$ cat start.tsv   # TSV, C-alpha atoms (C1' of nucleotides)
chain	number	residue	atom	x	y	z
A	27	MET	CA	35.53	189.59	115.98
A	28	GLY	CA	37.48	189.96	119.18
A	29	TRP	CA	40.23	187.41	119.46
A	30	ALA	CA	40.54	185.88	116.06
A	31	LYS	CA	42.19	189.11	115.03
A	32	VAL	CA	44.69	189.07	117.85
A	33	ALA	CA	45.76	185.57	116.87
A	34	GLU	CA	46.90	186.80	113.49
A	35	THR	CA	49.93	188.58	114.80
A	36	VAL	CA	53.47	187.30	114.51
A	37	CYS	CA	53.94	187.98	118.20
A	38	PRO	CA	54.28	184.58	119.84
A	39	SER	CA	53.06	185.77	123.21
A	40	ALA	CA	49.84	187.08	121.73
A	41	ARG	CA	49.36	183.82	119.91
A	42	THR	CA	49.69	181.94	123.13
A	43	LEU	CA	47.19	184.25	124.75
A	44	ALA	CA	44.75	183.71	121.91
A	45	VAL	CA	44.76	180.03	122.76
A	46	VAL	CA	45.00	179.80	126.52
A	47	GLY	CA	44.78	183.36	127.73
A	48	ASP	CA	41.48	183.41	129.39
A	49	ARG	CA	40.97	182.98	133.04
A	50	TRP	CA	38.74	179.96	132.99
A	51	THR	CA	40.94	178.19	130.52
A	52	MET	CA	43.94	178.83	132.71
A	53	LEU	CA	42.11	177.56	135.77
A	54	ILE	CA	41.22	174.41	133.87
A	55	LEU	CA	44.87	174.03	133.02
A	56	ARG	CA	45.80	174.39	136.65
A	57	GLU	CA	43.45	171.55	137.46
A	58	LEU	CA	44.90	169.44	134.69
A	59	PHE	CA	48.38	169.95	136.07
A	60	LEU	CA	47.08	168.99	139.49
A	61	GLY	CA	45.91	165.73	137.99
A	62	VAL	CA	42.20	166.37	137.66
A	63	LYS	CA	40.68	164.61	134.67
A	64	ARG	CA	36.91	164.74	135.03
A	65	PHE	CA	34.24	167.22	134.06
A	66	GLU	CA	32.56	167.28	137.45
A	67	GLU	CA	35.74	167.89	139.31
A	68	PHE	CA	36.80	170.69	137.00
A	69	GLN	CA	33.49	172.30	137.59
A	70	VAL	CA	33.58	172.00	141.33
A	71	GLN	CA	37.16	173.15	141.71
A	72	THR	CA	37.02	176.07	139.33
A	73	GLY	CA	33.50	177.15	140.21
A	74	MET	CA	32.68	177.84	136.60
A	75	SER	CA	29.33	177.09	135.05
A	76	SER	CA	28.97	173.84	133.23
A	77	ASN	CA	28.14	175.30	129.85
A	78	LEU	CA	31.28	177.37	129.84
A	79	LEU	CA	33.34	174.45	131.00
A	80	SER	CA	31.90	172.40	128.20
A	81	THR	CA	32.81	174.93	125.52
A	82	ARG	CA	36.26	175.52	126.99
A	83	LEU	CA	37.07	171.84	127.03
A	84	LYS	CA	35.99	171.57	123.43
A	85	ARG	CA	38.19	174.46	122.50
A	86	LEU	CA	41.18	173.02	124.32
A	87	GLU	CA	40.63	169.75	122.58
A	88	ALA	CA	40.30	171.41	119.18
A	89	ASP	CA	43.53	173.24	119.89
A	90	GLY	CA	45.29	169.99	120.70
A	91	ILE	CA	46.07	170.91	124.28
A	92	ILE	CA	44.01	168.16	125.82
A	93	ALA	CA	42.77	164.82	124.57
A	94	ARG	CA	39.64	162.97	125.57
A	95	ARG	CA	40.02	159.38	126.48
A	96	LEU	CA	37.27	156.89	126.99
A	97	TYR	CA	37.66	155.33	130.42
A	98	SER	CA	34.32	153.57	130.55
A	99	LYS	CA	32.41	152.16	127.66
A	100	ARG	CA	28.98	151.80	129.11
A	101	PRO	CA	28.03	154.35	129.93
A	102	ALA	CA	30.49	156.23	127.76
A	103	ARG	CA	32.70	158.32	129.98
A	104	HIS	CA	35.64	160.40	129.04
A	105	GLU	CA	38.56	161.82	130.85
A	106	TYR	CA	40.62	164.74	129.78
A	107	ARG	CA	44.36	164.75	129.84
A	108	LEU	CA	47.09	167.02	128.68
A	109	THR	CA	48.80	166.26	125.42
A	110	GLU	CA	52.44	167.02	124.93
A	111	LYS	CA	51.48	170.42	123.64
A	112	GLY	CA	49.53	170.95	126.83
A	113	LEU	CA	52.28	169.66	129.07
A	114	ASP	CA	54.55	172.24	127.54
A	115	LEU	CA	52.52	174.91	129.28
A	116	TYR	CA	54.19	173.82	132.47
A	117	PRO	CA	56.67	176.70	132.66
A	118	LEU	CA	53.76	179.09	132.21
A	119	MET	CA	51.95	177.51	135.13
A	120	LEU	CA	55.05	177.58	137.28
A	121	SER	CA	55.57	181.23	136.59
A	122	LEU	CA	52.00	182.00	137.57
A	123	LYS	CA	52.62	180.11	140.78
A	124	ALA	CA	55.93	181.81	141.47
A	125	TRP	CA	54.55	185.30	140.99
A	126	GLY	CA	51.51	184.53	143.09
A	127	GLU	CA	53.67	183.27	145.91
A	128	LYS	CA	55.74	186.39	145.91
A	129	TRP	CA	53.13	189.05	145.18
A	130	GLY	CA	49.77	187.43	145.64
A	131	GLY	CA	49.29	188.76	149.14
A	132	LEU	CA	49.31	185.41	150.86
A	133	LYS	CA	50.39	185.21	154.45
A	134	ARG	CA	54.13	185.09	154.74
A	135	GLY	CA	55.35	181.94	156.34
A	136	ALA	CA	52.14	180.06	155.71
A	137	ALA	CA	52.60	176.53	154.47
A	138	PRO	CA	52.74	176.61	150.68
A	139	ALA	CA	49.55	175.66	148.88
A	140	LEU	CA	51.48	173.46	146.52
A	141	SER	CA	54.83	171.84	146.60
A	142	ILE	CA	56.71	170.60	143.63
A	143	VAL	CA	59.30	167.93	144.05
A	144	HIS	CA	61.83	167.11	141.42
A	145	LYS	CA	61.73	163.37	140.86
A	146	THR	CA	65.35	163.07	139.92
A	147	CYS	CA	66.89	164.86	142.86
A	148	GLY	CA	64.10	164.41	145.36
A	149	HIS	CA	64.10	168.02	146.45
A	150	GLU	CA	61.41	170.57	146.43
A	151	THR	CA	62.05	172.76	143.51
A	152	GLY	CA	61.28	176.28	142.61
A	153	PHE	CA	61.60	177.97	139.43
A	154	GLN	CA	64.71	179.50	138.02
A	155	LEU	CA	65.01	181.49	134.90
A	156	ARG	CA	68.43	181.10	133.37
A	157	CYS	CA	70.11	182.53	130.36
A	158	GLY	CA	70.13	179.83	127.70
A	159	SER	CA	73.51	180.99	126.63
A	160	CYS	CA	75.66	181.74	129.64
A	161	ASP	CA	73.61	179.99	132.27
A	162	ALA	CA	73.31	182.92	134.65
A	163	PRO	CA	69.97	183.61	136.31
A	164	PHE	CA	68.43	186.72	134.85
A	165	GLY	CA	65.47	189.07	135.00
A	166	ALA	CA	63.81	191.79	132.97
A	167	LYS	CA	66.54	194.31	133.64
A	168	ASP	CA	69.31	192.05	132.46
A	169	ALA	CA	68.06	191.76	128.92
A	170	VAL	CA	67.34	193.88	125.90
A	171	VAL	CA	64.40	193.14	123.66
A	172	THR	CA	64.59	193.80	119.97
A	173	ILE	CA	61.60	193.69	117.71
A	174	GLY	CA	62.27	191.74	114.53
A	175	PRO	CA	61.41	192.97	111.04
A	176	ALA	CA	58.11	191.14	110.61
A	177	PHE	CA	56.76	192.28	113.93
A	178	ALA	CA	58.09	195.79	113.39
A	179	ALA	CA	56.27	196.02	110.07
A	180	GLU	CA	53.07	194.82	111.67
A	181	ARG	CA	53.37	197.46	114.35
A	182	GLN	CA	54.10	200.18	111.89
A	183	LYS	CA	51.02	199.28	109.93
A	184	ARG	CA	48.86	199.39	113.01
A	185	ARG	CA	50.17	202.80	113.79
A	186	LYS	CA	49.27	204.06	110.34
A	187	SER	CA	45.85	202.61	110.00
A	188	ALA	CA	44.76	203.94	113.38
B	535	MET	CA	30.67	188.34	141.55
B	536	GLY	CA	32.92	186.59	139.10
B	537	TRP	CA	36.55	187.05	139.91
B	538	ALA	CA	36.64	188.46	143.38
B	539	LYS	CA	35.74	184.99	144.55
B	540	VAL	CA	38.53	183.30	142.65
B	541	ALA	CA	41.06	185.64	144.22
B	542	GLU	CA	40.19	184.32	147.66
B	543	THR	CA	41.87	181.01	147.16
B	544	VAL	CA	45.20	180.04	148.66
B	545	CYS	CA	46.30	178.86	145.23
B	546	PRO	CA	49.01	181.26	144.12
B	547	SER	CA	48.42	180.65	140.42
B	548	ALA	CA	44.77	181.58	140.70
B	549	ARG	CA	45.72	184.70	142.62
B	550	THR	CA	48.04	185.72	139.86
B	551	LEU	CA	45.30	185.12	137.32
B	552	ALA	CA	42.89	187.23	139.32
B	553	VAL	CA	45.27	190.15	138.90
B	554	VAL	CA	46.74	189.82	135.42
B	555	GLY	CA	44.89	186.93	133.88
B	556	ASP	CA	42.85	188.61	131.29
B	557	ARG	CA	43.80	188.89	127.70
B	558	TRP	CA	43.83	192.63	127.38
B	559	THR	CA	45.78	193.06	130.55
B	560	MET	CA	48.34	190.58	129.32
B	561	LEU	CA	48.62	192.37	126.00
B	562	ILE	CA	49.18	195.63	127.83
B	563	LEU	CA	51.91	193.93	129.79
B	564	ARG	CA	53.51	192.73	126.60
B	565	GLU	CA	53.59	196.31	125.39
B	566	LEU	CA	55.06	197.47	128.66
B	567	PHE	CA	57.83	194.92	128.37
B	568	LEU	CA	58.44	196.10	124.83
B	569	GLY	CA	58.97	199.56	126.21
B	570	VAL	CA	55.68	201.21	125.32
B	571	LYS	CA	54.64	203.79	127.87
B	572	ARG	CA	51.81	205.82	126.37
B	573	PHE	CA	48.08	205.45	126.23
B	574	GLU	CA	47.80	206.03	122.50
B	575	GLU	CA	50.41	203.50	121.65
B	576	PHE	CA	48.89	200.87	123.90
B	577	GLN	CA	45.63	201.41	122.16
B	578	VAL	CA	47.01	201.22	118.67
B	579	GLN	CA	49.17	198.18	119.29
B	580	THR	CA	46.66	196.14	121.22
B	581	GLY	CA	43.62	197.21	119.22
B	582	MET	CA	41.51	197.50	122.32
B	583	SER	CA	38.93	200.19	122.85
B	584	SER	CA	40.02	203.21	124.79
B	585	ASN	CA	37.54	202.87	127.60
B	586	LEU	CA	38.70	199.37	128.36
B	587	LEU	CA	42.30	200.42	128.18
B	588	SER	CA	41.56	203.19	130.59
B	589	THR	CA	39.99	200.91	133.17
B	590	ARG	CA	42.69	198.28	132.76
B	591	LEU	CA	45.45	200.79	133.32
B	592	LYS	CA	43.69	202.00	136.43
B	593	ARG	CA	43.41	198.49	137.70
B	594	LEU	CA	47.06	197.75	137.01
B	595	GLU	CA	48.00	200.91	138.81
B	596	ALA	CA	45.77	200.09	141.77
B	597	ASP	CA	47.38	196.68	141.91
B	598	GLY	CA	50.83	198.22	142.00
B	599	ILE	CA	51.98	196.66	138.75
B	600	ILE	CA	52.46	199.89	136.92
B	601	ALA	CA	53.06	203.45	138.06
B	602	ARG	CA	52.06	206.65	136.33
B	603	ARG	CA	54.71	209.25	135.96
B	604	LEU	CA	54.26	212.78	134.86
B	605	TYR	CA	56.49	213.40	131.89
B	606	SER	CA	55.09	216.76	130.89
B	607	LYS	CA	53.61	219.33	133.18
B	608	ARG	CA	51.71	221.46	130.73
B	609	PRO	CA	49.75	219.85	129.38
B	610	ALA	CA	49.77	217.18	132.09
B	611	ARG	CA	50.86	213.94	130.49
B	612	HIS	CA	51.59	210.68	132.12
B	613	GLU	CA	53.51	207.68	131.12
B	614	TYR	CA	53.06	204.22	132.49
B	615	ARG	CA	55.90	202.06	133.55
B	616	LEU	CA	56.31	198.77	135.26
B	617	THR	CA	57.05	198.74	138.95
B	618	GLU	CA	59.23	196.08	140.47
B	619	LYS	CA	56.15	194.00	141.04
B	620	GLY	CA	55.35	194.38	137.37
B	621	LEU	CA	58.85	193.61	136.21
B	622	ASP	CA	58.62	190.38	138.13
B	623	LEU	CA	56.09	189.20	135.58
B	624	TYR	CA	58.96	188.80	133.18
B	625	PRO	CA	59.24	185.02	133.47
B	626	LEU	CA	55.53	184.79	132.78
B	627	MET	CA	55.93	186.82	129.60
B	628	LEU	CA	58.90	184.77	128.51
B	629	SER	CA	57.00	181.58	128.96
B	630	LEU	CA	54.14	182.90	126.86
B	631	LYS	CA	56.66	183.75	124.21
B	632	ALA	CA	58.43	180.41	124.39
B	633	TRP	CA	55.24	178.42	124.08
B	634	GLY	CA	54.00	180.58	121.24
B	635	GLU	CA	57.22	180.07	119.35
B	636	LYS	CA	57.00	176.35	119.68
B	637	TRP	CA	53.28	175.76	119.31
B	638	GLY	CA	51.81	178.97	118.00
B	639	GLY	CA	51.75	177.80	114.41
B	640	LEU	CA	54.20	180.35	113.11
B	641	LYS	CA	56.24	179.52	110.10
B	642	ARG	CA	59.25	177.47	110.98
B	643	GLY	CA	62.47	179.17	110.13
B	644	ALA	CA	60.91	182.60	109.92
B	645	ALA	CA	62.89	185.34	111.59
B	646	PRO	CA	61.80	185.56	115.22
B	647	ALA	CA	59.38	188.35	116.04
B	648	LEU	CA	61.37	189.25	119.08
B	649	SER	CA	64.86	188.66	120.18
B	650	ILE	CA	66.09	188.89	123.69
B	651	VAL	CA	69.73	189.55	124.34
B	652	HIS	CA	71.33	189.03	127.68
B	653	LYS	CA	73.21	192.20	128.54
B	654	THR	CA	75.86	190.47	130.57
B	655	CYS	CA	76.92	187.84	128.08
B	656	GLY	CA	75.79	189.56	124.90
B	657	HIS	CA	74.07	186.49	123.52
B	658	GLU	CA	70.57	185.95	122.46
B	659	THR	CA	68.90	184.10	125.23
B	660	GLY	CA	65.98	181.78	125.51
B	661	PHE	CA	64.29	180.53	128.47
B	662	GLN	CA	65.34	177.65	130.58
B	663	LEU	CA	63.52	176.15	133.42
B	664	ARG	CA	65.90	174.70	135.97
B	665	CYS	CA	65.43	172.86	139.18
B	666	GLY	CA	66.15	175.30	141.97
B	667	SER	CA	67.76	172.54	143.92
B	668	CYS	CA	69.89	170.38	141.63
B	669	ASP	CA	70.14	172.76	138.69
B	670	ALA	CA	68.97	170.31	136.03
B	671	PRO	CA	66.53	171.48	133.39
B	672	PHE	CA	63.13	169.95	133.98
B	673	GLY	CA	59.58	169.73	132.71
B	674	ALA	CA	56.14	168.65	133.83
B	675	LYS	CA	56.97	164.97	133.79
B	676	ASP	CA	60.02	165.34	135.99
B	677	ALA	CA	58.17	166.62	138.97
B	678	VAL	CA	55.48	165.61	141.42
B	679	VAL	CA	52.97	168.12	142.71
B	680	THR	CA	51.62	167.85	146.21
B	681	ILE	CA	48.71	169.86	147.46
B	682	GLY	CA	49.38	171.38	150.86
B	683	PRO	CA	46.93	171.21	153.79
B	684	ALA	CA	45.35	174.63	153.36
B	685	PHE	CA	44.68	174.14	149.69
B	686	ALA	CA	43.52	170.57	150.26
B	687	ALA	CA	41.00	171.77	152.82
B	688	GLU	CA	39.73	174.42	150.46
B	689	ARG	CA	39.26	171.84	147.74
B	690	GLN	CA	37.51	169.44	150.04
B	691	LYS	CA	35.08	172.13	151.04
B	692	ARG	CA	34.28	172.96	147.46
B	693	ARG	CA	33.57	169.35	146.77
B	694	LYS	CA	31.14	169.19	149.64
B	695	SER	CA	29.25	172.36	149.07
B	696	ALA	CA	28.70	171.60	145.41
C	544	DT	C1'	41.72	231.15	114.32
C	545	DG	C1'	41.71	226.56	113.20
C	546	DA	C1'	43.70	222.14	113.14
C	547	DC	C1'	45.87	218.76	115.87
C	548	DT	C1'	47.50	215.68	119.81
C	549	DC	C1'	47.03	213.06	123.92
C	550	DC	C1'	44.28	211.04	127.19
C	551	DC	C1'	40.70	209.92	128.26
C	552	DT	C1'	34.81	209.55	129.15
C	553	DT	C1'	30.07	208.43	127.76
C	554	DC	C1'	26.63	205.57	125.83
C	555	DA	C1'	23.97	202.29	123.22
C	556	DA	C1'	24.35	197.91	120.90
C	557	DA	C1'	26.43	193.37	120.64
C	558	DT	C1'	28.49	189.68	122.91
C	559	DT	C1'	29.65	186.79	126.71
C	560	DT	C1'	28.95	184.91	131.22
C	561	DT	C1'	26.18	183.46	135.05
C	562	DG	C1'	23.02	180.64	137.32
C	563	DA	C1'	19.42	177.69	137.36
C	564	DA	C1'	17.08	174.02	135.42
C	565	DG	C1'	16.67	170.14	132.52
C	566	DT	C1'	18.27	165.94	129.79
C	567	DC	C1'	20.10	161.47	128.70
C	568	DA	C1'	22.10	157.15	129.50
C	569	DC	C1'	23.19	154.30	132.51
C	570	DT	C1'	24.04	152.03	137.63
C	571	DA	C1'	22.85	151.05	142.35
C	572	DT	C1'	19.49	150.57	145.94
C	573	DT	C1'	15.18	149.14	148.07
D	422	DA	C1'	10.15	147.45	139.49
D	423	DA	C1'	10.44	151.87	141.12
D	424	DT	C1'	13.41	155.36	143.01
D	425	DA	C1'	17.53	157.66	143.54
D	426	DG	C1'	21.99	158.82	141.91
D	427	DT	C1'	25.97	159.93	138.80
D	428	DG	C1'	28.59	162.00	135.01
D	429	DA	C1'	28.53	164.88	131.35
D	430	DC	C1'	26.46	167.72	129.30
D	431	DT	C1'	22.59	171.36	126.94
D	432	DT	C1'	19.24	175.10	127.07
D	433	DC	C1'	17.74	179.54	128.22
D	434	DA	C1'	16.81	183.99	130.25
D	435	DA	C1'	18.94	187.60	133.04
D	436	DA	C1'	23.12	190.04	134.20
D	437	DA	C1'	27.58	191.71	133.20
D	438	DT	C1'	31.09	192.95	130.13
D	439	DT	C1'	32.98	194.46	125.75
D	440	DT	C1'	32.82	196.82	121.41
D	441	DG	C1'	32.58	200.66	118.56
D	442	DA	C1'	31.60	205.13	117.73
D	443	DA	C1'	31.41	209.64	119.27
D	444	DG	C1'	32.71	213.46	122.15
D	445	DG	C1'	35.46	216.47	125.18
D	446	DG	C1'	38.98	219.18	127.37
D	447	DA	C1'	43.53	221.11	127.81
D	448	DG	C1'	46.98	222.45	125.67
D	449	DT	C1'	50.45	223.12	121.28
D	450	DC	C1'	51.50	224.41	116.57
D	451	DA	C1'	50.92	227.09	112.09
$ encode --input "start.tsv" --output "structure tokens"
Amino acid sequence: MGWAKVAETVCPSARTLAVVGDRWTMLILRELFLGVKRFEEFQVQTGMSSNLLSTRLKRLEADGIIARRLYSKRPARHEYRLTEKGLDLYPLMLSLKAWGEKWGGLKRGAAPALSIVHKTCGHETGFQLRCGSCDAPFGAKDAVVTIGPAFAAERQKRRKSA
Amino acid sequence: MGWAKVAETVCPSARTLAVVGDRWTMLILRELFLGVKRFEEFQVQTGMSSNLLSTRLKRLEADGIIARRLYSKRPARHEYRLTEKGLDLYPLMLSLKAWGEKWGGLKRGAAPALSIVHKTCGHETGFQLRCGSCDAPFGAKDAVVTIGPAFAAERQKRRKSA
DNA sequence: TGACTCCCTTCAAATTTTGAAGTCACTATT
DNA sequence: AATAGTGACTTCAAAATTTGAAGGGAGTCA
């Protein structure tokens, strides 16, 4: 069975992907971060079919990323909002945005589709990746990745049983 | 046609998703960032079928995210490596990792699957999101999103034609 | 010569997605 | 009181994609 298997890894990135790594789910998340809360609006803005939206929302809820909240009793109407777990996907969303702005082939100099203003300082903010230790901005080339023992064992096993 | 349509938006996040937002592609990217360069190894470590891997690699190459390089002339053998455009997906990968570590349901206190050491300072580094303007760390709740005119128009149109 | 490796391709079967249509429980309008 | 409308779905067949197994070709190694 496709993705259940992938979720069993110790690799945290793969585990994240197993939960939110599908395009529709990510588009729903974008909408959530834009403040959309209702079924109809998700459907219109993502262009996905309603049955898929329905199952995706259920999955997100089951995974604790969104919560349904009754906003009207009669008729019963729900809205969907991000939980804390969901809100923590913010850096992921910002990095999608940042890459898309740089490499997505949009017209240079066009007004940005989205602007993000930092409440505290009042300025438009971008996204900066900093070393948690020395504070310097860094990129892929400035770091070395090491695979830990558990993950290494898992990889070795895959290699053997192939 | 599914995703071609999504790629036409002015939303940079959706454009990113249209290029790399599928689970297999993301898993391939993980492998690339781990230093894997060969077809076989991608296949073994991701568990995907070879025909899919083949088409995904072609797509990534066509999109300029990876480049093939001949590493042996006879027999002709290629390796795949990230281009600059591909390397720029690093923050995205790190945010997948960070979220997975926090919310992926891995055992607390277990040795991390991956460790990332900053070459310059020699310390293990995490991931910090900082305001590009005032330098303070921030999260979803510390910022306000505003939809720009082009994107707003696009959204309005979708609402109408639904 | 025969076994093996790497990098794929082909193809049918299984699964998922799309797209359209329908449902249900109400509210608002005429 | 009948008609239309809204929000949130569900159902279902047709289309597209993915899986899984098998095969192939170009060369190396024993």
$ closest_residue --input "start.tsv" --among "A:Arg64, A:Arg82, A:Arg56, A:Arg100" --to "chain C" --atoms "all atoms listed in the file"
A:Arg100
$ interface_residues --input "start.tsv" --of "chain C" --to "chain A" --cutoff "10 Å" --atoms "only C-alpha atoms (C1' of nucleotides)" --output "ChimeraX atom specification"
/C:558,560-562,568-570
$ interface_residues --input "start.tsv" --of "chain D" --to "chain A" --cutoff "10 Å" --atoms "all atoms listed in the file" --output "number ranges by chain"
D: 427-432, 439-440
$ residues_near_point --input "start.tsv" --point "(45.3, 196.1, 122.7)" --cutoff "8 Å" --atoms "only C-alpha atoms (C1' of nucleotides)" --output "list in words"
Trp558, Leu561, Ile562, Phe576, Gln577, Val578, Gln579, Thr580, Gly581, Met582, Ser583 and Leu587 of chain B
$ write_last_selection --input "start.tsv" --atoms "C-alpha atoms" --output "mmCIF file, in the frame of the given file"
data_model
loop_
_atom_site.group_PDB
_atom_site.id
_atom_site.type_symbol
_atom_site.label_atom_id
_atom_site.label_comp_id
_atom_site.auth_asym_id
_atom_site.auth_seq_id
_atom_site.Cartn_x
_atom_site.Cartn_y
_atom_site.Cartn_z
ATOM 1 C CA TRP B 558 43.830 192.630 127.380
ATOM 2 C CA LEU B 561 48.620 192.370 126.000
ATOM 3 C CA ILE B 562 49.180 195.630 127.830
ATOM 4 C CA PHE B 576 48.890 200.870 123.900
ATOM 5 C CA GLN B 577 45.630 201.410 122.160
ATOM 6 C CA VAL B 578 47.010 201.220 118.670
ATOM 7 C CA GLN B 579 49.170 198.180 119.290
ATOM 8 C CA THR B 580 46.660 196.140 121.220
ATOM 9 C CA GLY B 581 43.620 197.210 119.220
ATOM 10 C CA MET B 582 41.510 197.500 122.320
ATOM 11 C CA SER B 583 38.930 200.190 122.850
ATOM 12 C CA LEU B 587 42.300 200.420 128.180
#
$ atom_distance --input "start.tsv" --atom1 "C1' of DG545 (chain C)" --atom2 "C1' of DG448 (chain D)"
14.1 Å
$ interface_residues --input "start.tsv" --of "chain A" --to "chain B" --cutoff "6 Å" --atoms "all atoms listed in the file" --output "CSV table (one decimal) with C-alpha atoms, keeping the file's coordinate frame"
chain,number,residue,atom,x,y,z
A,37,CYS,CA,53.9,188.0,118.2
A,38,PRO,CA,54.3,184.6,119.8
A,39,SER,CA,53.1,185.8,123.2
A,41,ARG,CA,49.4,183.8,119.9
A,42,THR,CA,49.7,181.9,123.1
A,47,GLY,CA,44.8,183.4,127.7
A,48,ASP,CA,41.5,183.4,129.4
A,49,ARG,CA,41.0,183.0,133.0
A,116,TYR,CA,54.2,173.8,132.5
A,118,LEU,CA,53.8,179.1,132.2
A,121,SER,CA,55.6,181.2,136.6
A,122,LEU,CA,52.0,182.0,137.6
A,123,LYS,CA,52.6,180.1,140.8
A,126,GLY,CA,51.5,184.5,143.1
A,127,GLU,CA,53.7,183.3,145.9
A,130,GLY,CA,49.8,187.4,145.6
A,139,ALA,CA,49.6,175.7,148.9
A,140,LEU,CA,51.5,173.5,146.5
A,141,SER,CA,54.8,171.8,146.6
A,142,ILE,CA,56.7,170.6,143.6
A,143,VAL,CA,59.3,167.9,144.0
A,144,HIS,CA,61.8,167.1,141.4
A,145,LYS,CA,61.7,163.4,140.9
A,151,THR,CA,62.0,172.8,143.5
A,152,GLY,CA,61.3,176.3,142.6
A,153,PHE,CA,61.6,178.0,139.4
A,154,GLN,CA,64.7,179.5,138.0
A,155,LEU,CA,65.0,181.5,134.9
A,156,ARG,CA,68.4,181.1,133.4
A,157,CYS,CA,70.1,182.5,130.4
A,158,GLY,CA,70.1,179.8,127.7
A,159,SER,CA,73.5,181.0,126.6
A,166,ALA,CA,63.8,191.8,133.0
A,168,ASP,CA,69.3,192.0,132.5
A,169,ALA,CA,68.1,191.8,128.9
A,170,VAL,CA,67.3,193.9,125.9
A,171,VAL,CA,64.4,193.1,123.7
A,172,THR,CA,64.6,193.8,120.0
A,173,ILE,CA,61.6,193.7,117.7
A,174,GLY,CA,62.3,191.7,114.5
A,177,PHE,CA,56.8,192.3,113.9
$ residues_near_point --input "start.tsv" --point "(20.0, 179.5, 133.0)" --cutoff "7 Å" --atoms "all atoms listed in the file" --output "PyMOL selection string"
(chain C and resi 562-564) or (chain D and resi 433-434)
$ build_atoms --input "start.tsv" --residues "region 543-555 of chain B" --atoms "N, CA and C atoms" --output "short mmCIF file (atom, residue, chain, number, x, y, z; two decimals), in the coordinates of the input"
data_model
loop_
_atom_site.label_atom_id
_atom_site.label_comp_id
_atom_site.auth_asym_id
_atom_site.auth_seq_id
_atom_site.Cartn_x
_atom_site.Cartn_y
_atom_site.Cartn_z
N THR B 543 41.25 182.30 146.95
CA THR B 543 41.87 181.01 147.16
C THR B 543 43.28 181.13 147.74
N VAL B 544 43.80 180.05 148.26
CA VAL B 544 45.20 180.04 148.66
C VAL B 544 46.09 179.63 147.49
N CYS B 545 45.50 179.28 146.38
CA CYS B 545 46.30 178.86 145.23
C CYS B 545 46.98 180.07 144.60
N PRO B 546 48.30 180.09 144.62
CA PRO B 546 49.01 181.26 144.12
C PRO B 546 48.79 181.51 142.63
N SER B 547 48.63 180.47 141.85
CA SER B 547 48.42 180.65 140.42
C SER B 547 47.10 181.37 140.16
N ALA B 548 46.07 180.94 140.88
CA ALA B 548 44.77 181.58 140.70
C ALA B 548 44.83 183.03 141.13
N ARG B 549 45.59 183.31 142.16
CA ARG B 549 45.72 184.70 142.62
C ARG B 549 46.40 185.56 141.58
N THR B 550 47.39 184.99 140.94
CA THR B 550 48.04 185.72 139.86
C THR B 550 47.04 185.99 138.73
N LEU B 551 46.30 184.96 138.39
CA LEU B 551 45.30 185.12 137.32
C LEU B 551 44.27 186.18 137.66
N ALA B 552 43.89 186.24 138.92
CA ALA B 552 42.89 187.23 139.32
C ALA B 552 43.40 188.65 139.07
N VAL B 553 44.70 188.82 139.10
CA VAL B 553 45.27 190.15 138.90
C VAL B 553 45.59 190.44 137.43
N VAL B 554 46.29 189.53 136.79
CA VAL B 554 46.74 189.82 135.42
C VAL B 554 46.16 188.90 134.36
N GLY B 555 45.30 187.96 134.80
CA GLY B 555 44.89 186.93 133.88
C GLY B 555 43.73 187.30 132.99
#
